[in-house]
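Enquirer: Dropping a structure here in structure tokens format, bear with me for questions.
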Amino acid sequence: MKPPSFVYHAPATVAEAVEALAAAGADGKVLAGGQSLIPLMNMRLAAPGHLVDINHVAGLAEITAEPGGVRVGALARHAEVEASETAHAAQPLVREALRLVAHPAVRNRGTTVGSIVHADPAAEMPAVLALLDGSVRVRGPEGERDIPAGEFFVGPMESSLRTGELAVSVFFPSARGGTAILEVARRHGDYAMAGVAALVAPDHAKVACLSVGAVPVVVDVTEAEGDWKRAAELVQDQIDPEADIHATADYRRHLTGVLTERALKAAADA
Amino acid sequence: MHDVSLIVNGVPREARVPARRLLSDFLRHDLGLTGTHVGCEHGVCGACTVLLDGQPVRSCLTFAVSVAGHEVTTVEGLAKDGELSAVQRGFAECHGLQCGFCTPGFLTTATAFLRDHPAPSDDDVIEAVSGNLCRCTGYQNIVKSVHRAAELLAEEGS
């Protein structure tokens, strides 16, 4: 179908974007890549009255090495982040996970920050940010603040961004250990029925699971002490998957267990 | 309403459209370029794929107003001087299409892919067209077509 009509704003600076968002209030949405928002609008599941298009804002597409990780700007497309050697050197999990995000044509337009702000619990990049204890930098009428990933994801498609705030970048920390991400989807590029991102460091191990809760589910499995089968059981005890037309809850729980064991093993070997 | 100017297949084009006009509809309805096909209109089927500044994107998931000033290549822009491009010839030679509805998306996708990967493996080709659905061919001939196009491009280049 066709998207509903809206008032279009094309700010040239972050300050103008924040002003337009604040004026629009709860009826305003940010348009970056639009690869999640426009399908929702085309299907008439979303009908924002105002769209604030940040595609013309300068300085938001940067991918910058910072001490302890990499910062990705709000207009950096998935494909650019995937290709970025800067991002790869700081955190190889970012490229590995981006290759699982949709298809190349969607990654050419969609943005990594947008995917995180969309906060879909079935998406890969929110799980990666949650696993790594990354953060989202937001600019609002009251200035700038960094929101830790643990406080960012509140519910399905719901973040702790306040009305009038714009996410300007996210920070993916480097890790002292190995990382890996695995998922099972009906078709490559589709939303996964289950997926697990894993981090194994010398003194701790944890996973972030997608598609098995309202937000990315992070489980510390340090107490398994390298017994990844035991870790998989710990994770299965902590998730509460739902059934839908693609998979039953039991099947999702089974997949998450298998993927947890494999992802932790791959992260330990990485 | 917004005045939107784009460079389409090398030619500056302009139309006055509402902000909600999708790039796919801008091309088809406002510019009369009906080669770009609209299948699912929510980003799944890939039939509407066009090249935006050389990169394949879903025109049904892009607002025309948002890409004003940029360059768009549609399936109409692939043939040069009335002669089919190497990718188009590859599809014709290998029966890479039957009903043809999905073909504009496959052709634009394969054009950008072969520019960046002139000698792809089977797996590379399958990954490259994984975002495009075809209900007729079963894909085998599409994969063959892309390989044949790579050969034709290599011959053109030598």
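In the structure tokens, each chain is lettered A, B, ... as it comes, each chain's residues begin at 1, and ligands are numbered from 1 in order of appearance.
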Counting only C-alpha atoms, what is within 9 Å of Val75 of chain B, bar same-chain residues fewer than 6 positions away, as a list in words?

Expert: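 Using only C-alpha atoms, the neighbours found are Asn9, Gly35, Thr36, Val50, Thr103, Pro104, Gly105, Leu107 and Thr108 of chain B.
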
Enquirer: Excluding same-chain residues fewer than 5 positions from segment 146-158 of chain B, what lies within 8 Å of it counting only C-alpha atoms, as a list in words?

Expert: Ala86, Val87, Gln88, Arg89, Gly90, Phe91, Cys94, Ala110, Leu114, Pro118, Ala119, Pro120 and Val125 of chain B

Enquirer: Find the nearest atom pair between each residue of chain A and chain B for residues within 12 Å, count only C-alpha atoms, give distances in Å to one decimal, sort rows by chain and ascending number, and present the table as a tab-separated table.

Expert:
```
residue	atom	partner	partner_atom	distance
A:Met1	CA	B:Glu41	CA	6.5
A:Lys2	CA	B:Leu22	CA	7.9
A:Pro3	CA	B:Arg20	CA	6.2
A:Pro4	CA	B:Arg20	CA	6.9
A:Ser5	CA	B:Arg20	CA	5.5
A:Phe6	CA	B:Arg20	CA	6.8
A:Val7	CA	B:Ala19	CA	7.4
A:Tyr8	CA	B:Ala19	CA	6.2
A:His9	CA	B:Ala19	CA	9.5
A:Ala10	CA	B:Ser66	CA	8.3
A:Pro11	CA	B:Ser66	CA	11.4
A:Leu31	CA	B:Ser66	CA	9.0
A:Ala32	CA	B:Ser66	CA	9.3
A:Gly33	CA	B:Thr62	CA	8.0
A:Gly34	CA	B:Leu61	CA	6.6
A:Gln35	CA	B:Leu61	CA	6.1
A:Ser36	CA	B:Leu61	CA	8.6
A:Leu37	CA	B:Leu61	CA	8.6
A:Ile38	CA	B:Leu61	CA	5.6
A:Pro39	CA	B:His42	CA	4.6
A:Leu40	CA	B:His42	CA	8.0
A:Met41	CA	B:His42	CA	9.0
A:Asn42	CA	B:His42	CA	6.5
A:Met43	CA	B:His42	CA	7.4
A:Arg44	CA	B:His42	CA	10.8
A:Leu45	CA	B:His42	CA	11.7
A:Ala47	CA	B:Arg20	CA	11.0
A:Pro48	CA	B:Arg20	CA	11.3
A:Gly49	CA	B:Arg20	CA	11.2
A:His50	CA	B:Ala19	CA	10.5
A:Leu51	CA	B:Ala19	CA	9.4
A:Val52	CA	B:Ser66	CA	10.4
A:Asp53	CA	B:Ser66	CA	7.1
A:Ile54	CA	B:Ser66	CA	9.1
A:Asn55	CA	B:Ser66	CA	7.1
A:His56	CA	B:Ser66	CA	8.4
A:Val57	CA	B:Ser66	CA	11.8
A:Arg77	CA	B:Gln55	CA	11.7
A:Ala79	CA	B:Gln55	CA	10.1
A:Glu80	CA	B:Gln55	CA	11.5
A:Arg99	CA	B:Glu127	CA	10.4
A:Leu100	CA	B:Glu127	CA	11.1
A:Val101	CA	B:Gly131	CA	11.3
A:Ala102	CA	B:Gly131	CA	7.9
A:His103	CA	B:Gly131	CA	5.2
A:Pro104	CA	B:Ala128	CA	7.1
A:Ala105	CA	B:Val57	CA	4.7
A:Val106	CA	B:Val57	CA	6.3
A:Arg107	CA	B:Val57	CA	8.4
A:Asn108	CA	B:Val57	CA	6.4
A:Arg109	CA	B:Val57	CA	6.4
A:Gly110	CA	B:Val57	CA	9.4
A:Arg187	CA	B:Ser130	CA	8.9
A:His188	CA	B:Ser130	CA	7.4
A:Gly189	CA	B:Gly131	CA	7.5
A:Asp190	CA	B:Val44	CA	9.1
A:Tyr191	CA	B:Val44	CA	11.5
```

Enquirer: Got a sec to tell me which of segment 135-199 of chain A DSSP assigns to alpha helix (DSSP H), as a list of chain:residue names?

Expert: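 The residues of segment 135-199 of chain A classed as alpha helix (DSSP H) are A:Ala149, A:Gly150, A:Glu151, A:Phe152.
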
Enquirer: Rank nothing, just name the residue among A:Val221, A:Ala267, A:Ala12, A:Leu132 nearest to Pro173 of chain A, using only C-alpha atoms.

Expert: A:Leu132

Enquirer: Pick out the residues sitting within 9 Å of Ser115 of chain A, and hand them over as an MDAnalysis selection string; count only C-alpha atoms, and ignore anything fewer than 2 positions along from it in its own chain.

Expert: chainID A and resid 35:36 110:113 117:120 123:126

Enquirer: I need the strand (DSSP E) residues of chain B per DSSP on the backbone, written as a list in words.

Expert: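 The strand (DSSP E) residues within chain B come out as His2, Asp3, Val4, Ser5, Leu6, Ile7, Val8, Val11, Pro12, Arg13, Glu14, Ala15, Arg16, Val17, Thr49, Val50, Leu51, Leu52, Gln55, Pro56, Val57, Arg58, Glu71, Val72 and Thr73 of chain B.
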
Enquirer: Residues near Leu166 of chain A, anyone? I mean within 9 Å using only C-alpha atoms, not counting same-chain ones fewer than 4 positions away, as a list in words.

Expert: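 Residues meeting the cut-off are Val14, Ala17, Val18, Leu21, Val30, Arg137, Val138, Arg139, Gly140, Leu161 and Arg162 of chain A.
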
Enquirer: Please provide as a PyMOL selection string all residues within 12 Å of Asp244 of chain A, with the sequence filter that same-chain residues fewer than 5 positions apart are discarded (counting only C-alpha atoms).

Expert: chain A and resi 193+211-212+249-252

Enquirer: For atom CA of Ala198 of chain A and atom CA of Ala270 of chain A, quote the distance in Å rounded to one decimal.

Expert: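 Interatomic distance, atom CA of Ala198 of chain A to atom CA of Ala270 of chain A: 10.8 Å.
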